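Participant: Okay, here's the structure, questions in a sec.
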Amino acid sequence: METVDVVVVGAGLAGLETARLLASRGLDVLVCDRRRHLDVGIRTTGIFVRRTLEDFPLPERHLGPAVRRVLLYPPSLRAPVELTSPRDEFRVADMAGVYAEARSRAEQAGARVRLGTPYPVRGVEARFTIGADGARSTVARRLGLDVNRHLITGVEEVFPVATTSTPTFHCVLDPRLAPGYLAWLVDDGRQAHLGLAGLPDRLAAPLPRLLREFRAGFPDPPVPTGPLHRRGGPIPVGGVLRRIACPDGLLVGDAAGAVSPLTAGGLDPCLRMADLAAAVTADYLRTGDPSVLRHYDGRALRARFRLRLLLRRGLSRLRGPATTEAAFTALRTPLGRAAAARLLFGDGSFPNTRLEPATAR
């Protein structure tokens, strides 16, 4: 029987970053993932927002050109609302490259990564388990922690392009295609991401069919210049779960519901929560004091999302194209445009969790 300090389940960005931070603190860390290769089973679009780009050392060579322009479309696709920022707001990453870089950094810190290894890991006994295994976390269920119950499901096509137009993030609000969320096209001149997501019980047809309808109806979509890859899966939108830690382990990333309830962005939250998760885990294993785990409190993080949870409920109530078109009337006013710009370009990303537990200070 092999004994380790921590088993991290899931070799996505949340799991690999948490493992790196734990290993850099001198802990014996094993990362397991049932996938045999990190470039398969990718679920995220890979959109990094400005605050993440400013706060974390992401690999420049795996980031696409900066996007400053956003177009918001009603169901009719007529008269979109254009918003432009003076700063670089978004960059779309090659996530296979980002994962490979994150794995390398984790291994350089001393963590071991075993792919093709399902959880629970045979022959391995761990003092602590960290679930970074996605929206439908097996670790959460085995540890008796909270599980995600509010999910949207999405699909996306990713393909290389060669366009000369301004890099643009196109967002389409159409409850017929994407009930409770939106359809999108991100074209940065090198790569395009075309996708949609919605509430599963309100989807009018299978996701691939809806995606074909979206592509066919969108004006002048970019033409692929190379192979097309499809990805997708469930996305938690219910906010950070309340109970995400216990004496046997904790949850990070999508497993903890650490996704913006409104935008469904999860890359910024997973990096910020990894820092706190590693600090709390290291302190708990060092002291053996269960009270340390109170610093990893999902209820406290959840409380910071009251407004976005309310906006999420409002978005879910847009059930017909006429209602959505009417909402765009308000969005086209100076006040509506200012509110949209604040939401898209403001600093209100996931709350900063880079706080050391009191016992570790």
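Identifiers in this document derive from the order of the structure tokens: chains are assigned A, B, ..., residues are numbered from 1 separately in each chain, and ligands are numbered from 1 in order of occurrence.
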DSSP on the backbone, then: every residue of stretch 226-327 of chain A marked strand (DSSP E or B), written as a PyMOL selection string.
Facilitator: chain A and resi 229-236+245-246+249-251
Participant: If you keep all heavy atoms, can you produce a file of those selected residues as a PDB file, in the first residue's frame?
Facilitator:
ATOM      1  N   HIS A 229     -12.926  20.681 -33.993  1.00  0.00           N
ATOM      2  CA  HIS A 229     -13.019  19.855 -32.795  1.00  0.00           C
ATOM      3  C   HIS A 229     -14.272  20.252 -32.019  1.00  0.00           C
ATOM      4  O   HIS A 229     -14.579  21.436 -31.881  1.00  0.00           O
ATOM      5  CB  HIS A 229     -11.784  20.025 -31.905  1.00  0.00           C
ATOM      6  CG  HIS A 229     -10.503  19.671 -32.594  1.00  0.00           C
ATOM      7  ND1 HIS A 229     -10.074  18.366 -32.758  1.00  0.00           N
ATOM      8  CD2 HIS A 229      -9.555  20.452 -33.179  1.00  0.00           C
ATOM      9  CE1 HIS A 229      -8.921  18.355 -33.396  1.00  0.00           C
ATOM     10  NE2 HIS A 229      -8.593  19.611 -33.665  1.00  0.00           N
ATOM     11  N   ARG A 230     -14.959  19.248 -31.510  1.00  0.00           N
ATOM     12  CA  ARG A 230     -16.168  19.512 -30.736  1.00  0.00           C
ATOM     13  C   ARG A 230     -15.922  19.154 -29.281  1.00  0.00           C
ATOM     14  O   ARG A 230     -15.260  18.174 -28.961  1.00  0.00           O
ATOM     15  CB  ARG A 230     -17.350  18.712 -31.281  1.00  0.00           C
ATOM     16  CG  ARG A 230     -18.656  18.943 -30.502  1.00  0.00           C
ATOM     17  CD  ARG A 230     -19.841  18.307 -31.198  1.00  0.00           C
ATOM     18  NE  ARG A 230     -20.166  19.024 -32.434  1.00  0.00           N
ATOM     19  CZ  ARG A 230     -21.102  18.621 -33.287  1.00  0.00           C
ATOM     20  NH1 ARG A 230     -21.788  17.530 -33.054  1.00  0.00           N
ATOM     21  NH2 ARG A 230     -21.343  19.333 -34.382  1.00  0.00           N
ATOM     22  N   ARG A 231     -16.451  19.973 -28.380  1.00  0.00           N
ATOM     23  CA  ARG A 231     -16.353  19.723 -26.947  1.00  0.00           C
ATOM     24  C   ARG A 231     -17.658  20.143 -26.284  1.00  0.00           C
ATOM     25  O   ARG A 231     -18.492  20.795 -26.909  1.00  0.00           O
ATOM     26  CB  ARG A 231     -15.181  20.507 -26.340  1.00  0.00           C
ATOM     27  CG  ARG A 231     -15.298  22.018 -26.530  1.00  0.00           C
ATOM     28  CD  ARG A 231     -14.160  22.796 -25.907  1.00  0.00           C
ATOM     29  NE  ARG A 231     -12.893  22.526 -26.533  1.00  0.00           N
ATOM     30  CZ  ARG A 231     -11.838  23.338 -26.475  1.00  0.00           C
ATOM     31  NH1 ARG A 231     -11.922  24.475 -25.805  1.00  0.00           N
ATOM     32  NH2 ARG A 231     -10.707  23.028 -27.063  1.00  0.00           N
ATOM     33  N   GLY A 232     -17.815  19.785 -25.032  1.00  0.00           N
ATOM     34  CA  GLY A 232     -19.033  20.167 -24.334  1.00  0.00           C
ATOM     35  C   GLY A 232     -19.176  19.423 -23.030  1.00  0.00           C
ATOM     36  O   GLY A 232     -18.321  18.621 -22.643  1.00  0.00           O
ATOM     37  N   GLY A 233     -20.287  19.691 -22.342  1.00  0.00           N
ATOM     38  CA  GLY A 233     -20.547  19.035 -21.073  1.00  0.00           C
ATOM     39  C   GLY A 233     -21.347  19.915 -20.147  1.00  0.00           C
ATOM     40  O   GLY A 233     -21.788  21.016 -20.509  1.00  0.00           O
ATOM     41  N   PRO A 234     -21.544  19.474 -18.901  1.00  0.00           N
ATOM     42  CA  PRO A 234     -22.338  20.237 -17.933  1.00  0.00           C
ATOM     43  C   PRO A 234     -21.536  21.368 -17.312  1.00  0.00           C
ATOM     44  O   PRO A 234     -20.318  21.273 -17.137  1.00  0.00           O
ATOM     45  CB  PRO A 234     -22.705  19.181 -16.880  1.00  0.00           C
ATOM     46  CG  PRO A 234     -21.564  18.214 -16.921  1.00  0.00           C
ATOM     47  CD  PRO A 234     -21.119  18.166 -18.360  1.00  0.00           C
ATOM     48  N   ILE A 235     -22.232  22.450 -16.962  1.00  0.00           N
ATOM     49  CA  ILE A 235     -21.614  23.620 -16.329  1.00  0.00           C
ATOM     50  C   ILE A 235     -22.457  23.991 -15.110  1.00  0.00           C
ATOM     51  O   ILE A 235     -23.651  24.268 -15.244  1.00  0.00           O
ATOM     52  CB  ILE A 235     -21.569  24.818 -17.297  1.00  0.00           C
ATOM     53  CG1 ILE A 235     -20.934  24.438 -18.627  1.00  0.00           C
ATOM     54  CG2 ILE A 235     -20.824  25.993 -16.658  1.00  0.00           C
ATOM     55  CD1 ILE A 235     -21.138  25.467 -19.733  1.00  0.00           C
ATOM     56  N   PRO A 236     -21.882  24.017 -13.914  1.00  0.00           N
ATOM     57  CA  PRO A 236     -22.662  24.411 -12.740  1.00  0.00           C
ATOM     58  C   PRO A 236     -22.892  25.916 -12.718  1.00  0.00           C
ATOM     59  O   PRO A 236     -21.976  26.695 -12.948  1.00  0.00           O
ATOM     60  CB  PRO A 236     -21.778  23.971 -11.564  1.00  0.00           C
ATOM     61  CG  PRO A 236     -20.389  23.974 -12.114  1.00  0.00           C
ATOM     62  CD  PRO A 236     -20.503  23.633 -13.578  1.00  0.00           C
ATOM     63  N   ALA A 245     -15.962  21.198   2.277  1.00  0.00           N
ATOM     64  CA  ALA A 245     -14.796  20.650   2.981  1.00  0.00           C
ATOM     65  C   ALA A 245     -15.263  19.823   4.166  1.00  0.00           C
ATOM     66  O   ALA A 245     -16.304  20.097   4.772  1.00  0.00           O
ATOM     67  CB  ALA A 245     -13.871  21.774   3.455  1.00  0.00           C
ATOM     68  N   CYS A 246     -14.477  18.796   4.487  1.00  0.00           N
ATOM     69  CA  CYS A 246     -14.707  17.957   5.656  1.00  0.00           C
ATOM     70  C   CYS A 246     -13.348  17.417   6.085  1.00  0.00           C
ATOM     71  O   CYS A 246     -12.343  17.627   5.381  1.00  0.00           O
ATOM     72  CB  CYS A 246     -15.683  16.829   5.332  1.00  0.00           C
ATOM     73  SG  CYS A 246     -15.026  15.566   4.214  1.00  0.00           S
ATOM     74  N   GLY A 249     -11.451  15.630   3.174  1.00  0.00           N
ATOM     75  CA  GLY A 249     -11.114  16.226   1.892  1.00  0.00           C
ATOM     76  C   GLY A 249     -11.895  17.487   1.612  1.00  0.00           C
ATOM     77  O   GLY A 249     -12.709  17.941   2.429  1.00  0.00           O
ATOM     78  N   LEU A 250     -11.661  18.057   0.431  1.00  0.00           N
ATOM     79  CA  LEU A 250     -12.379  19.254   0.004  1.00  0.00           C
ATOM     80  C   LEU A 250     -12.511  19.273  -1.508  1.00  0.00           C
ATOM     81  O   LEU A 250     -11.943  18.429  -2.210  1.00  0.00           O
ATOM     82  CB  LEU A 250     -11.694  20.523   0.528  1.00  0.00           C
ATOM     83  CG  LEU A 250     -10.224  20.800   0.204  1.00  0.00           C
ATOM     84  CD1 LEU A 250     -10.029  21.291  -1.233  1.00  0.00           C
ATOM     85  CD2 LEU A 250      -9.651  21.828   1.162  1.00  0.00           C
ATOM     86  N   LEU A 251     -13.262  20.258  -2.003  1.00  0.00           N
ATOM     87  CA  LEU A 251     -13.556  20.370  -3.432  1.00  0.00           C
ATOM     88  C   LEU A 251     -13.005  21.684  -3.985  1.00  0.00           C
ATOM     89  O   LEU A 251     -12.997  22.704  -3.287  1.00  0.00           O
ATOM     90  CB  LEU A 251     -15.067  20.338  -3.667  1.00  0.00           C
ATOM     91  CG  LEU A 251     -15.846  19.176  -3.040  1.00  0.00           C
ATOM     92  CD1 LEU A 251     -17.343  19.359  -3.261  1.00  0.00           C
ATOM     93  CD2 LEU A 251     -15.377  17.843  -3.620  1.00  0.00           C
TER      94      LEU A 251
END
Participant: Would you kindly return, as a PDB file with C-alpha atoms, in the first residue's frame, each protein, DNA or RNA residue with an atom no farther than 8 Å from any atom of stretch 332-348 of chain A, considering only C-alpha atoms and excluding same-chain residues fewer than 3 positions away?
Facilitator:
ATOM      1  CA  ARG A  51      -8.335  40.059 -14.108  1.00  0.00           C
ATOM      2  CA  VAL A  81     -25.308  46.340 -29.041  1.00  0.00           C
ATOM      3  CA  LEU A  83     -19.325  47.465 -26.508  1.00  0.00           C
ATOM      4  CA  SER A  85     -13.110  48.400 -23.991  1.00  0.00           C
ATOM      5  CA  GLU A  89     -10.486  42.115 -21.813  1.00  0.00           C
ATOM      6  CA  PHE A 328     -32.780  44.807 -25.599  1.00  0.00           C
ATOM      7  CA  THR A 329     -34.751  48.047 -25.765  1.00  0.00           C
ATOM      8  CA  PRO A 351     -13.833  37.091  -5.150  1.00  0.00           C
TER       9      PRO A 351
END
Participant: Tell me, as a ChimeraX atom specification, which residues lie within 9 Å of A:Leu196, counting only C-alpha atoms; anything in the same chain fewer than 6 positions away does not count.
Facilitator: /A:153-156,172,177-178,181-185,207,210-211,214
Participant: Given the selection you just returned, output its residues as a file containing all heavy atoms, formatted as a short mmCIF file (atom, residue, chain, number, x, y, z; two decimals), in the first residue's frame.
Facilitator:
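Written out: again28.cif:
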data_model
loop_
_atom_site.label_atom_id
_atom_site.label_comp_id
_atom_site.auth_asym_id
_atom_site.auth_seq_id
_atom_site.Cartn_x
_atom_site.Cartn_y
_atom_site.Cartn_z
N THR A 153 -26.09 22.78 -19.81
CA THR A 153 -25.25 21.89 -20.61
C THR A 153 -24.95 22.57 -21.94
O THR A 153 -25.81 23.27 -22.50
CB THR A 153 -25.94 20.53 -20.83
OG1 THR A 153 -25.07 19.65 -21.54
CG2 THR A 153 -27.23 20.69 -21.61
N GLY A 154 -23.72 22.39 -22.42
CA GLY A 154 -23.30 23.13 -23.60
C GLY A 154 -22.54 22.28 -24.59
O GLY A 154 -22.11 21.16 -24.29
N VAL A 155 -22.38 22.84 -25.78
CA VAL A 155 -21.60 22.21 -26.84
C VAL A 155 -20.89 23.32 -27.60
O VAL A 155 -21.39 24.44 -27.70
CB VAL A 155 -22.51 21.38 -27.78
CG1 VAL A 155 -23.50 22.27 -28.52
CG2 VAL A 155 -21.68 20.56 -28.76
N GLU A 156 -19.72 23.01 -28.14
CA GLU A 156 -18.92 24.02 -28.82
C GLU A 156 -18.08 23.37 -29.91
O GLU A 156 -17.61 22.24 -29.74
CB GLU A 156 -18.01 24.72 -27.81
CG GLU A 156 -17.11 25.78 -28.42
CD GLU A 156 -16.22 26.42 -27.39
OE1 GLU A 156 -15.33 25.72 -26.86
OE2 GLU A 156 -16.40 27.61 -27.09
N VAL A 172 -25.21 35.88 -28.30
CA VAL A 172 -26.59 35.89 -28.79
C VAL A 172 -27.51 35.38 -27.69
O VAL A 172 -27.36 34.25 -27.22
CB VAL A 172 -26.73 35.01 -30.04
CG1 VAL A 172 -28.17 35.03 -30.54
CG2 VAL A 172 -25.78 35.48 -31.14
N LEU A 177 -32.72 28.89 -28.81
CA LEU A 177 -31.48 28.13 -29.01
C LEU A 177 -30.80 27.79 -27.69
O LEU A 177 -30.28 26.68 -27.52
CB LEU A 177 -30.50 28.95 -29.87
CG LEU A 177 -30.82 29.14 -31.34
CD1 LEU A 177 -29.84 30.13 -31.95
CD2 LEU A 177 -30.74 27.81 -32.08
N ALA A 178 -30.77 28.75 -26.78
CA ALA A 178 -30.00 28.61 -25.55
C ALA A 178 -30.82 29.10 -24.36
O ALA A 178 -30.56 30.16 -23.81
CB ALA A 178 -28.69 29.40 -25.67
N TYR A 181 -29.38 30.76 -20.98
CA TYR A 181 -27.98 31.16 -21.14
C TYR A 181 -27.85 31.86 -22.48
O TYR A 181 -28.67 32.72 -22.80
CB TYR A 181 -27.05 29.95 -21.01
CG TYR A 181 -25.60 30.33 -20.87
CD1 TYR A 181 -25.19 31.20 -19.87
CD2 TYR A 181 -24.62 29.83 -21.74
CE1 TYR A 181 -23.86 31.56 -19.73
CE2 TYR A 181 -23.29 30.17 -21.60
CZ TYR A 181 -22.92 31.04 -20.60
OH TYR A 181 -21.60 31.41 -20.46
N LEU A 182 -26.86 31.52 -23.29
CA LEU A 182 -26.65 32.22 -24.56
C LEU A 182 -25.90 31.34 -25.55
O LEU A 182 -25.36 30.29 -25.20
CB LEU A 182 -25.89 33.53 -24.33
CG LEU A 182 -24.56 33.50 -23.56
CD1 LEU A 182 -23.39 33.12 -24.46
CD2 LEU A 182 -24.29 34.87 -22.95
N ALA A 183 -25.88 31.81 -26.78
CA ALA A 183 -25.03 31.24 -27.82
C ALA A 183 -23.89 32.21 -28.06
O ALA A 183 -24.03 33.42 -27.82
CB ALA A 183 -25.83 31.00 -29.10
N TRP A 184 -22.75 31.71 -28.54
CA TRP A 184 -21.60 32.58 -28.67
C TRP A 184 -20.74 32.21 -29.88
O TRP A 184 -20.74 31.08 -30.36
CB TRP A 184 -20.72 32.54 -27.41
CG TRP A 184 -20.10 31.20 -27.14
CD1 TRP A 184 -18.91 30.71 -27.61
CD2 TRP A 184 -20.66 30.14 -26.34
NE1 TRP A 184 -18.69 29.44 -27.15
CE2 TRP A 184 -19.73 29.07 -26.37
CE3 TRP A 184 -21.84 30.01 -25.60
CZ2 TRP A 184 -19.98 27.87 -25.68
CZ3 TRP A 184 -22.07 28.82 -24.92
CH2 TRP A 184 -21.14 27.78 -24.96
N LEU A 185 -20.02 33.20 -30.33
CA LEU A 185 -18.97 33.02 -31.32
C LEU A 185 -17.83 33.94 -30.93
O LEU A 185 -17.99 35.16 -30.88
CB LEU A 185 -19.47 33.37 -32.73
CG LEU A 185 -18.37 33.48 -33.80
CD1 LEU A 185 -17.65 32.15 -34.00
CD2 LEU A 185 -18.94 33.99 -35.12
N LEU A 207 -28.45 19.16 -28.62
CA LEU A 207 -27.47 20.25 -28.76
C LEU A 207 -26.80 20.31 -30.13
O LEU A 207 -26.66 21.41 -30.69
CB LEU A 207 -26.42 20.13 -27.66
CG LEU A 207 -26.86 20.60 -26.27
CD1 LEU A 207 -25.80 20.23 -25.23
CD2 LEU A 207 -27.09 22.10 -26.25
N LEU A 210 -29.16 22.08 -32.49
CA LEU A 210 -29.27 23.50 -32.18
C LEU A 210 -28.03 24.26 -32.62
O LEU A 210 -28.12 25.39 -33.11
CB LEU A 210 -29.50 23.69 -30.68
CG LEU A 210 -30.84 23.20 -30.13
CD1 LEU A 210 -30.85 23.23 -28.61
CD2 LEU A 210 -31.99 24.02 -30.70
N LEU A 211 -26.87 23.63 -32.47
CA LEU A 211 -25.64 24.28 -32.89
C LEU A 211 -25.62 24.47 -34.41
O LEU A 211 -25.18 25.51 -34.91
CB LEU A 211 -24.43 23.46 -32.43
CG LEU A 211 -23.06 24.12 -32.60
CD1 LEU A 211 -22.97 25.39 -31.77
CD2 LEU A 211 -21.94 23.15 -32.23
N PHE A 214 -27.80 27.39 -35.19
CA PHE A 214 -27.13 28.65 -34.84
C PHE A 214 -26.11 29.04 -35.90
O PHE A 214 -26.06 30.19 -36.36
CB PHE A 214 -26.47 28.50 -33.47
CG PHE A 214 -25.63 29.68 -33.05
CD1 PHE A 214 -26.09 30.98 -33.19
CD2 PHE A 214 -24.36 29.48 -32.51
CE1 PHE A 214 -25.32 32.06 -32.80
CE2 PHE A 214 -23.58 30.56 -32.13
CZ PHE A 214 -24.06 31.85 -32.27
#
Participant: Could you give me, as number ranges by chain, the residues within 10 Å of stretch 63-75 of chain A, counting only C-alpha atoms and dropping anything in the same chain fewer than 6 positions from it?
Facilitator: A: 46-50, 53, 81-95, 97-98, 166-177, 182-191, 320-329, 331, 340-341, 344-345
Participant: Which residue, A:Arg142, A:Arg114, A:Arg319, A:His62, has the smallest gap to A:Asp248 when you use only C-alpha atoms?
Facilitator: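 Answer, going by the shortest atom-to-atom distance: A:Arg142.
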Participant: Report the distance between atom CA of A:Val7 and atom CA of A:Arg127 in Å, rounded to one decimal place.
Facilitator: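 Answer for the atom CA of A:Val7 to atom CA of A:Arg127 separation: 8.1 Å.
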Participant: Given only C-alpha atoms as the basis, pick out the residue of A:Ala264, A:Ala132, A:Val252, A:Ala11 nearest to A:Thr45.
Facilitator: A:Ala264
Participant: Contacts of stretch 277-279 of chain A at 12 Å or less, counting only C-alpha atoms, minus same-chain residues fewer than 6 places along, as a ChimeraX atom specification?
Facilitator: /A:6,8,14-27,29,128-132,244-245,249-253,256,269-271,285-286,292-298,353-361
Participant: List every residue of stretch 128-358 of chain A that DSSP, applied to the backbone, labels as helix (DSSP H, G or I), and write the result as a PyMOL selection string.
Facilitator: chain A and resi 138-143+200-202+207-217+253-256+267-287+290-295+298-303+306-316+321-331+334-345+358
Participant: If you keep C-alpha atoms, can you produce a file of those selected residues as a PDB file, in the first residue's frame?
Facilitator:
ATOM      1  CA  THR A 138     -17.524  11.568  -7.587  1.00  0.00           C
ATOM      2  CA  VAL A 139     -15.326  12.798  -4.745  1.00  0.00           C
ATOM      3  CA  ALA A 140     -18.115  15.053  -3.461  1.00  0.00           C
ATOM      4  CA  ARG A 141     -20.499  12.109  -3.229  1.00  0.00           C
ATOM      5  CA  ARG A 142     -17.976   9.784  -1.600  1.00  0.00           C
ATOM      6  CA  LEU A 143     -17.056  12.391   1.022  1.00  0.00           C
ATOM      7  CA  PRO A 200     -31.318  20.839 -20.187  1.00  0.00           C
ATOM      8  CA  ASP A 201     -35.049  20.551 -19.467  1.00  0.00           C
ATOM      9  CA  ARG A 202     -35.853  23.456 -21.782  1.00  0.00           C
ATOM     10  CA  LEU A 207     -27.474  20.249 -28.756  1.00  0.00           C
ATOM     11  CA  PRO A 208     -25.730  19.307 -32.053  1.00  0.00           C
ATOM     12  CA  ARG A 209     -28.889  20.175 -33.982  1.00  0.00           C
ATOM     13  CA  LEU A 210     -29.273  23.499 -32.177  1.00  0.00           C
ATOM     14  CA  LEU A 211     -25.638  24.282 -32.892  1.00  0.00           C
ATOM     15  CA  ARG A 212     -26.174  23.622 -36.604  1.00  0.00           C
ATOM     16  CA  GLU A 213     -29.170  25.963 -36.570  1.00  0.00           C
ATOM     17  CA  PHE A 214     -27.132  28.650 -34.840  1.00  0.00           C
ATOM     18  CA  ARG A 215     -24.280  28.358 -37.331  1.00  0.00           C
ATOM     19  CA  ALA A 216     -26.666  28.423 -40.295  1.00  0.00           C
ATOM     20  CA  GLY A 217     -28.507  31.511 -39.035  1.00  0.00           C
ATOM     21  CA  GLY A 253     -13.144  24.179  -9.349  1.00  0.00           C
ATOM     22  CA  ASP A 254     -16.393  22.990 -10.938  1.00  0.00           C
ATOM     23  CA  ALA A 255     -16.719  20.289  -8.271  1.00  0.00           C
ATOM     24  CA  ALA A 256     -17.185  23.082  -5.704  1.00  0.00           C
ATOM     25  CA  LEU A 267     -11.166  29.522 -15.129  1.00  0.00           C
ATOM     26  CA  ASP A 268     -10.685  32.524 -12.864  1.00  0.00           C
ATOM     27  CA  PRO A 269     -12.470  30.888  -9.893  1.00  0.00           C
ATOM     28  CA  CYS A 270     -10.512  27.655 -10.171  1.00  0.00           C
ATOM     29  CA  LEU A 271      -7.173  29.454  -9.938  1.00  0.00           C
ATOM     30  CA  ARG A 272      -8.251  31.632  -7.015  1.00  0.00           C
ATOM     31  CA  MET A 273      -9.773  28.758  -5.063  1.00  0.00           C
ATOM     32  CA  ALA A 274      -6.712  26.585  -5.668  1.00  0.00           C
ATOM     33  CA  ASP A 275      -4.626  29.045  -3.687  1.00  0.00           C
ATOM     34  CA  LEU A 276      -6.978  28.962  -0.708  1.00  0.00           C
ATOM     35  CA  ALA A 277      -7.496  25.194  -0.941  1.00  0.00           C
ATOM     36  CA  ALA A 278      -3.750  24.560  -0.854  1.00  0.00           C
ATOM     37  CA  ALA A 279      -3.205  26.907   2.106  1.00  0.00           C
ATOM     38  CA  VAL A 280      -6.031  25.352   4.132  1.00  0.00           C
ATOM     39  CA  THR A 281      -5.042  21.774   3.260  1.00  0.00           C
ATOM     40  CA  ALA A 282      -1.387  22.273   4.156  1.00  0.00           C
ATOM     41  CA  ASP A 283      -2.301  23.940   7.443  1.00  0.00           C
ATOM     42  CA  TYR A 284      -4.815  21.233   8.345  1.00  0.00           C
ATOM     43  CA  LEU A 285      -2.382  18.392   7.631  1.00  0.00           C
ATOM     44  CA  ARG A 286       0.342  20.181   9.590  1.00  0.00           C
ATOM     45  CA  THR A 287      -1.757  20.877  12.690  1.00  0.00           C
ATOM     46  CA  PRO A 290     -10.296  20.445  12.072  1.00  0.00           C
ATOM     47  CA  SER A 291     -11.186  24.065  12.860  1.00  0.00           C
ATOM     48  CA  VAL A 292      -8.724  25.103  10.137  1.00  0.00           C
ATOM     49  CA  LEU A 293     -11.223  23.810   7.580  1.00  0.00           C
ATOM     50  CA  ARG A 294     -13.648  26.584   8.541  1.00  0.00           C
ATOM     51  CA  HIS A 295     -11.485  28.932   6.473  1.00  0.00           C
ATOM     52  CA  GLY A 298     -18.514  27.772   0.726  1.00  0.00           C
ATOM     53  CA  ARG A 299     -21.262  29.742   2.454  1.00  0.00           C
ATOM     54  CA  ALA A 300     -19.012  32.777   2.870  1.00  0.00           C
ATOM     55  CA  LEU A 301     -17.954  32.697  -0.786  1.00  0.00           C
ATOM     56  CA  ARG A 302     -21.520  32.139  -1.917  1.00  0.00           C
ATOM     57  CA  ALA A 303     -22.689  35.242  -0.081  1.00  0.00           C
ATOM     58  CA  ARG A 306     -26.105  37.419  -4.331  1.00  0.00           C
ATOM     59  CA  LEU A 307     -26.453  39.896  -7.206  1.00  0.00           C
ATOM     60  CA  ARG A 308     -25.194  37.469  -9.851  1.00  0.00           C
ATOM     61  CA  LEU A 309     -27.459  34.728  -8.547  1.00  0.00           C
ATOM     62  CA  LEU A 310     -30.393  37.137  -8.896  1.00  0.00           C
ATOM     63  CA  LEU A 311     -29.311  38.020 -12.446  1.00  0.00           C
ATOM     64  CA  ARG A 312     -29.012  34.306 -13.194  1.00  0.00           C
ATOM     65  CA  ARG A 313     -32.646  33.808 -12.148  1.00  0.00           C
ATOM     66  CA  GLY A 314     -33.647  36.768 -14.292  1.00  0.00           C
ATOM     67  CA  LEU A 315     -31.880  35.323 -17.333  1.00  0.00           C
ATOM     68  CA  SER A 316     -33.614  31.995 -16.756  1.00  0.00           C
ATOM     69  CA  PRO A 321     -37.929  35.838 -28.229  1.00  0.00           C
ATOM     70  CA  ALA A 322     -40.414  38.699 -27.806  1.00  0.00           C
ATOM     71  CA  THR A 323     -39.502  39.164 -24.143  1.00  0.00           C
ATOM     72  CA  THR A 324     -35.806  39.062 -24.992  1.00  0.00           C
ATOM     73  CA  GLU A 325     -36.210  41.587 -27.811  1.00  0.00           C
ATOM     74  CA  ALA A 326     -38.011  43.883 -25.374  1.00  0.00           C
ATOM     75  CA  ALA A 327     -35.146  43.558 -22.900  1.00  0.00           C
ATOM     76  CA  PHE A 328     -32.780  44.807 -25.599  1.00  0.00           C
ATOM     77  CA  THR A 329     -34.751  48.047 -25.765  1.00  0.00           C
ATOM     78  CA  ALA A 330     -33.481  48.824 -22.274  1.00  0.00           C
ATOM     79  CA  LEU A 331     -30.031  47.489 -23.095  1.00  0.00           C
ATOM     80  CA  PRO A 334     -27.053  54.716 -22.135  1.00  0.00           C
ATOM     81  CA  LEU A 335     -27.844  53.242 -18.722  1.00  0.00           C
ATOM     82  CA  GLY A 336     -28.291  49.754 -20.163  1.00  0.00           C
ATOM     83  CA  ARG A 337     -25.059  49.940 -22.128  1.00  0.00           C
ATOM     84  CA  ALA A 338     -23.187  51.173 -19.057  1.00  0.00           C
ATOM     85  CA  ALA A 339     -24.549  48.278 -16.975  1.00  0.00           C
ATOM     86  CA  ALA A 340     -23.591  45.755 -19.650  1.00  0.00           C
ATOM     87  CA  ALA A 341     -20.102  47.226 -19.968  1.00  0.00           C
ATOM     88  CA  ARG A 342     -19.642  47.079 -16.214  1.00  0.00           C
ATOM     89  CA  LEU A 343     -20.681  43.450 -16.165  1.00  0.00           C
ATOM     90  CA  LEU A 344     -18.451  42.443 -19.084  1.00  0.00           C
ATOM     91  CA  PHE A 345     -15.445  44.694 -18.526  1.00  0.00           C
ATOM     92  CA  ALA A 358      -5.189  32.519  10.623  1.00  0.00           C
TER      93      ALA A 358
END
Participant: Between atom CA of A:Thr3 and atom CA of A:Gly288, what is the distance in Å, rounded to a tenth?
Facilitator: 17.2 Å
